[in-house]
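Working notes for the structure below.
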Amino acid sequence: MMTTATDAGTIDATADQDPVALAADDITVHFGGLTALSGVSLEVRRGNIVGLVGPNGAGKSTLLAVLSGLLSPDAGKVLLRGDDVTDVSARHRATRGLARTFQQPELFMGLTVREHLVLAYRARVVPHRMWRDMLDPRALFRTSPGEVEKVDGLLELLHLTHVAKAPVAALPLGVIRLVEVGRALASQPRVLLLDEPLSGLDLHGSENLISVFREIVDRSDDGLALVIVEHDVAAVLALSDMVVVLDFGERIAVGTPDKVRSDAAVRAAYLGDVEPPQRTATGQTAAPAVPGSRPEVGGA
Amino acid sequence: MLQFVIAGLVLGGIYAIASAGLVITYTSSGILNFAFGAMAFFIARFYYYLHTQESWSILAAAAVAILIAAPALGIVLYAVLFRYLKLSSPLTKVVATIGLSVALPALATIIFGTGAIQQAPGLAPEPVKVFHFIGVPVTLDQIIVYASVVVIVVAGALVLKYSDVGLKVRAMVDSTAMTDLSGTNPTAISIGVWAVSTFLAGLTGVLAAPIIGLDPINFTLLIAASFAAVIAAKLRNLPVAVGVGLLMGVATSLIQRYLPPASAWTTEIIDAVPFIVITIVLVYNLVRRGRVGETEAWGGALDRAITPQGESKLAASTSTVVETASLNFFGRYAGPLVLVALAVALPLVLGGYWVGLTAQAFAFGVIFLSWTLVTGEGGMLWLCQITFAGVGALTTSQFAGHLGWPVLASVAVGGFVALGLGALIGFLSIRLGDLYVALVTLTFGLLIENLVFTLPRFVNQGLGLTLNRPSFASSDISYSYLCLVAFVIVSLFIVNLRRSTTGLALNAARWSQAGARTSGISVVQMKVLAGATAAFIAGIGGGLLAVAQTTVSPSSFATFAGIVWFAALVTIGIRSTAAALVAALAFVMLPAISQAYLPTWTGNLLPVIFGLGAISAAKYPDGVLAEQSRRLRHLLQRVAPDALADEHFAEEVEAGVVDTEAVGMAPEVAGQLS
Ligand SMILES: Nc1ncnc2c1ncn2[C@@H]1O[C@H](COP(=O)(O)OP(=O)(O)O)[C@@H](O)[C@H]1O
Ligand SMILES: [Mg+2]
């Protein structure tokens, strides 16, 4: 195995000390006549896990698309470590340390599990290899120890070692979700956006993945932050440092899990309380909810 | 002036009818029918057969050909082909109709007799009557065209607007999913739409025959021109398609009036009008930064949800990926190695004339490899590789012939010129969906063919240009080996690229743009890279081919010939470099064998086979070679279960992690593994 001088193995660790890793400021998105997000703000601090919850169609995936640069908002700004990246492409946000997974998995059907991780690692750490390897007959063997360590470590962490060589096309959904998380982590992100990472997993799988999330955040030395979109509100409340609740494109609550759990607007949105709340902490009126159609707030 | 408008409305009317036929099948089934011209030719040829060869009366022949045979053709094709394509990827749909466009004219020649027919009568009795309309002479044939357009537009509008069927068709145009859910029967409507579309194809054919003759190339060119109207209509808007079709005809006619009539350029510009229209429309869309993709054009969110967009893409059937993973070193490489050994032996075994052909075949192999890269690996359906080959060949002739450069250096220059063009096309087509990419590259090929390949310095009074082989490889046998070496080098390059970081990134860009971009991979760079590299390879192959033949004539690089090349390659397999070699040998050797030893009609059988082969790509995306070697492997695995299997993969299957059934892996293989 050969090492090249260009492959430092890590990203520059000159972490600027801005405590806010990622922020969305007053984001508005329209799809034709439909307002998918109206004036939503969000702040993700270094080393934090932020839960983003809300009923189906609330605009959670749309917000992640705006944050990751796949969709440009009609109004509002996105800040990555203090820099305005609203006009920066998805690709360049990725090279600045923003990674994500998708609700509908977006894997590369021709590649194996390991290749997904290797590619994501190289795209971030040694991007020039995407061009240079084409003409290098030794490309096949040029793996740096840093890469092997990182990739194998992640495969181990996510319990993917035994399927490392399998093409993703042959894998069941539960494993595919893990591969998406692995690919995102292999790019050594500073902020990781997860869109319903637990759906499709069984109980054991979910618990396992939740402990992985806790572990990677705790272990990270440059303050990795997570944003988790989840249906399973109980799981999110248990895991998160901060929770943001969306409903019909509006932010109806934000705060610590405890605060959100007792929030009247949230209870209305989720439980369809008979008495509609007048005003919420954020000053916005919650939309009327359809009784019985919303999942329960954990512990409520 | 008026005279030119009236004359222009004839061509315009034919464009309009054809575009209407194209738009209705696209809106109802998502299939842009590249075989529309071939269908028109087939019916027109049948009409000629009945009326001229069998002396039927005009009315009887027209009724049987246009009103019975044409719709019947549509219904049969729907039953055996189109209905299976409905949920396929755009790529598969295009390839299948391209296959059809290759097979149908050859089939017509086999059935009805040989040869392009220059003079074909239309629907007007001969001698054709001429009327005078405000001092402008108008033939009865022309009047029939106008009448047909008026009848079709009025009847179409009435049916769509007021009838029950029209309502259902419009509902289906808006959303197949909705029609499915609401219980109307889309199958009956689809059959009807295809019957109407082939009726329009037949009518187009019979109307166009007196103007353009009965030549399949002219027909496909005519329909390619109608694509301009279809693209301007964003594939769906019937009135716009008809209007643009009519306008294009008038524009063509007016150019004829205002440009100097004797200039050679005038004729070429006239031929190029539709392609200039396509270019303008696409550049306009590009500048507006709108993405032009068939997904937007087809149905709503619900349709997209039920339509497998990423799945069943041509040439990367995931089952093959899985199956390859299940093989060990011997299982993977024995086939290609045997093949190369055979190729090395070939020039030694064969004699005289045939050795010269192997040199050509190996050069063809290099050209085919450019598709292996751009379509097989990159998933981009480029239909202009023959144009790049032509550019390579002509550049080679200019540098080696006129400037006296060493011939191999000239071949390299040709490769670089092609590379530049490939990068340009790659960049221009970045925002386009698969279907538009196919259209743009086809248009580009036709533009270069009409505007550049016809220049006097290349045509050289129809003689072409001569080239000398390099002194160290002047004999057929040594030049064969030179080409084989080139083939092997390019193959190794592709195999290396496939497994390098570049190949991984290319694969990422192909399968998920969102996934690639959010992983920090530039989809634009990867596509331009694949396109430009493939163009370079095609350019080199074209240069080598020209040197093998020792003459270059631009007419051998006609865009539609390239479509037959493509069909041949898809038939054998577009994913593997070994398949490129087999396809090239088959493509060059089989016609020669048929010419030397078999009855003449067998010469037309090959395009039919290649055409049907390309159609079957919908079912076997990896082609004949992969399919047959898979069968061979399964046989071997029954005899010696462990000989080819990768141990690691077997463990995974055993552990139940890999779901072999989910990817359609052959049960024999899966059985062997677990
Ligand atoms: N591309 C799109 N075009 C039109 N409407 C969309 C699009 N994407 C999402 N929407 C709509 O925006 C709203 C929010 O969707 P989404 O963000 O996916 O919700 P969530 O992820 O919270 O379930 C929904 O009403 C959805 O139908
Ligand atoms: Mg969502």
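Going through the structure tokens in order, the chains are called A, B, and so on, while each chain numbers its residues from 1 and the ligands are numbered from 1 in the order shown.
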Review point. Do you know which residues are within 6 Å of ligand 1 using only C-alpha atoms and all ligand atoms? Can you write them as a ChimeraX atom specification?
Key: /A:31,36,56-62
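Look at Pro137 in chain A: the protein and nucleic acid residues within 9 Å of it, using only C-alpha atoms and passing over chain neighbours fewer than 5 places away, are Leu492, Phe493, Asn496, Leu497 and Ser500 of chain B.
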Could you make a table, as JSON lines, of the residues of chain A that have an atom within 7 Å of an atom of chain B, each with its nearest atom pair and distance in Å to one decimal, counting only C-alpha atoms, in chain and number order?
```
{"residue": "A:Ala90", "atom": "CA", "partner": "B:Thr518", "partner_atom": "CA", "distance": 5.6}
{"residue": "A:Arg91", "atom": "CA", "partner": "B:Gly520", "partner_atom": "CA", "distance": 4.4}
{"residue": "A:His92", "atom": "CA", "partner": "B:Gly520", "partner_atom": "CA", "distance": 6.4}
{"residue": "A:Ala94", "atom": "CA", "partner": "B:Gly520", "partner_atom": "CA", "distance": 4.9}
{"residue": "A:Thr95", "atom": "CA", "partner": "B:Gly520", "partner_atom": "CA", "distance": 5.3}
{"residue": "A:Ala99", "atom": "CA", "partner": "B:Thr518", "partner_atom": "CA", "distance": 6.4}
{"residue": "A:Arg100", "atom": "CA", "partner": "B:Thr518", "partner_atom": "CA", "distance": 6.9}
{"residue": "A:Glu106", "atom": "CA", "partner": "B:Gly515", "partner_atom": "CA", "distance": 5.2}
{"residue": "A:Leu107", "atom": "CA", "partner": "B:Ser512", "partner_atom": "CA", "distance": 6.5}
{"residue": "A:Phe108", "atom": "CA", "partner": "B:Trp511", "partner_atom": "CA", "distance": 5.0}
{"residue": "A:Met109", "atom": "CA", "partner": "B:Trp511", "partner_atom": "CA", "distance": 6.2}
{"residue": "A:Gly110", "atom": "CA", "partner": "B:Val321", "partner_atom": "CA", "distance": 6.5}
{"residue": "A:Leu119", "atom": "CA", "partner": "B:Leu504", "partner_atom": "CA", "distance": 6.5}
{"residue": "A:Ala120", "atom": "CA", "partner": "B:Ser519", "partner_atom": "CA", "distance": 5.8}
{"residue": "A:Ala123", "atom": "CA", "partner": "B:Gly520", "partner_atom": "CA", "distance": 5.8}
{"residue": "A:Arg124", "atom": "CA", "partner": "B:Gly520", "partner_atom": "CA", "distance": 6.6}
{"residue": "A:Arg129", "atom": "CA", "partner": "B:Thr501", "partner_atom": "CA", "distance": 6.3}
{"residue": "A:Met130", "atom": "CA", "partner": "B:Thr502", "partner_atom": "CA", "distance": 4.5}
{"residue": "A:Trp131", "atom": "CA", "partner": "B:Thr502", "partner_atom": "CA", "distance": 5.9}
{"residue": "A:Asp133", "atom": "CA", "partner": "B:Ser500", "partner_atom": "CA", "distance": 5.7}
{"residue": "A:Met134", "atom": "CA", "partner": "B:Leu497", "partner_atom": "CA", "distance": 4.9}
{"residue": "A:Pro137", "atom": "CA", "partner": "B:Asn496", "partner_atom": "CA", "distance": 6.4}
{"residue": "A:Ala139", "atom": "CA", "partner": "B:Ser500", "partner_atom": "CA", "distance": 5.5}
{"residue": "A:Leu140", "atom": "CA", "partner": "B:Ser500", "partner_atom": "CA", "distance": 5.9}
{"residue": "A:His162", "atom": "CA", "partner": "B:Glu652", "partner_atom": "CA", "distance": 6.8}
{"residue": "A:Val163", "atom": "CA", "partner": "B:Glu652", "partner_atom": "CA", "distance": 6.6}
{"residue": "A:Pro167", "atom": "CA", "partner": "B:Val322", "partner_atom": "CA", "distance": 5.9}
{"residue": "A:Ala169", "atom": "CA", "partner": "B:Thr318", "partner_atom": "CA", "distance": 6.1}
{"residue": "A:Ala170", "atom": "CA", "partner": "B:Asp659", "partner_atom": "CA", "distance": 5.3}
{"residue": "A:Leu171", "atom": "CA", "partner": "B:Val658", "partner_atom": "CA", "distance": 5.5}
{"residue": "A:Pro172", "atom": "CA", "partner": "B:Asp659", "partner_atom": "CA", "distance": 6.9}
```
Exercise for review: Using only C-alpha atoms, pick whichever of A:Leu154, A:Ala23, A:Leu64, A:Leu160 has the shortest atom-to-atom distance to Lys77 in chain A.
Suggested key: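 Smallest distance to Lys77 in chain A is found for A:Ala23.
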Practice item. Compare A:Val40, A:Leu22, A:Ile228, A:Leu98 by their minimum atom-to-atom distance to ligand 2, counting only C-alpha atoms and all ligand atoms, and give me the closest one. Key: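 So, comparing all the options, the nearest one is A:Ile228.
The space between CA of Pro210 in chain B and CA of Ala124 in chain B spans 9.9 Å.
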**Study point:** Those in range 30-134 of chain A with strand (DSSP E) from DSSP, as an NGL selection string
**Key:** :A and (30-31 or 34-45 or 49-53 or 75-80 or 83-84 or 98-100)
Check your understanding: For Asp26 in chain A, which residue among A:Arg251, A:Arg267, A:Arg183, A:Arg46 is the nearest when counting only C-alpha atoms?
Key ->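 Among the listed residues, A:Arg251 lies closest to Asp26 in chain A.
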**Study point:** Distance criterion (only C-alpha atoms): nearest to Glu230 in chain A out of A:Glu196, A:Asp263, A:Asp258, A:Glu215
**Key:** A:Glu196
Exercise for review: Give the answer as one residue: which of A:Val181, A:Ile49, A:Leu246, A:Ile216 has the shortest atom-to-atom distance to ligand 2, using only C-alpha atoms and all ligand atoms?
Suggested key: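 Closest to ligand 2, using only C-alpha atoms and all ligand atoms: A:Leu246.
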Check your understanding: Of the candidates A:Ala166, A:Val53, A:Val78, A:Leu173, which one gets nearest to ligand 2 if we count only C-alpha atoms and all ligand atoms?
Key ->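 Checking each of A:Ala166, A:Val53, A:Val78, A:Leu173 against ligand 2, counting only C-alpha atoms and all ligand atoms, the winner is A:Val53.
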Check your understanding: Which polymer residues have any atom within 6 Å of an atom of Gly356 in chain B, counting only C-alpha atoms, with same-chain residues fewer than 3 positions away left out, as an MDAnalysis selection string?
Key -> chainID B and resid 353 359 476
Write a file of the just-selected residues containing N, CA and C atoms, as a tab-separated table (two decimals), in the first residue's frame.
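Generated file (result.tsv):
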```tsv
chain	number	residue	atom	x	y	z
B	353	TYR	N	-7.50	-10.23	-48.81
B	353	TYR	CA	-8.57	-9.27	-48.62
B	353	TYR	C	-9.07	-9.24	-47.17
B	359	ALA	N	-8.17	-5.23	-40.05
B	359	ALA	CA	-7.65	-3.92	-39.65
B	359	ALA	C	-8.80	-2.94	-39.47
B	476	ASP	N	-1.13	-4.94	-44.69
B	476	ASP	CA	-2.40	-5.16	-43.99
B	476	ASP	C	-2.19	-5.79	-42.64
```
Exercise for review: List every residue of range 45-231 of chain B that DSSP, applied to the backbone, labels as alpha helix (DSSP H), and write the result as a PyMOL selection string.
Suggested key: chain B and resi 45-48+58-62+70-77+83-85+90-112+140-162+164-174+176-181+186-212+216-231
Check your understanding: What's the 10 Å shell around Leu117 in chain A, counting only C-alpha atoms, without same-chain residues fewer than 2 positions away, as number ranges by chain?
Key -> A: 112-115, 119-123, 147, 150-152, 154-155, 164, 179-187
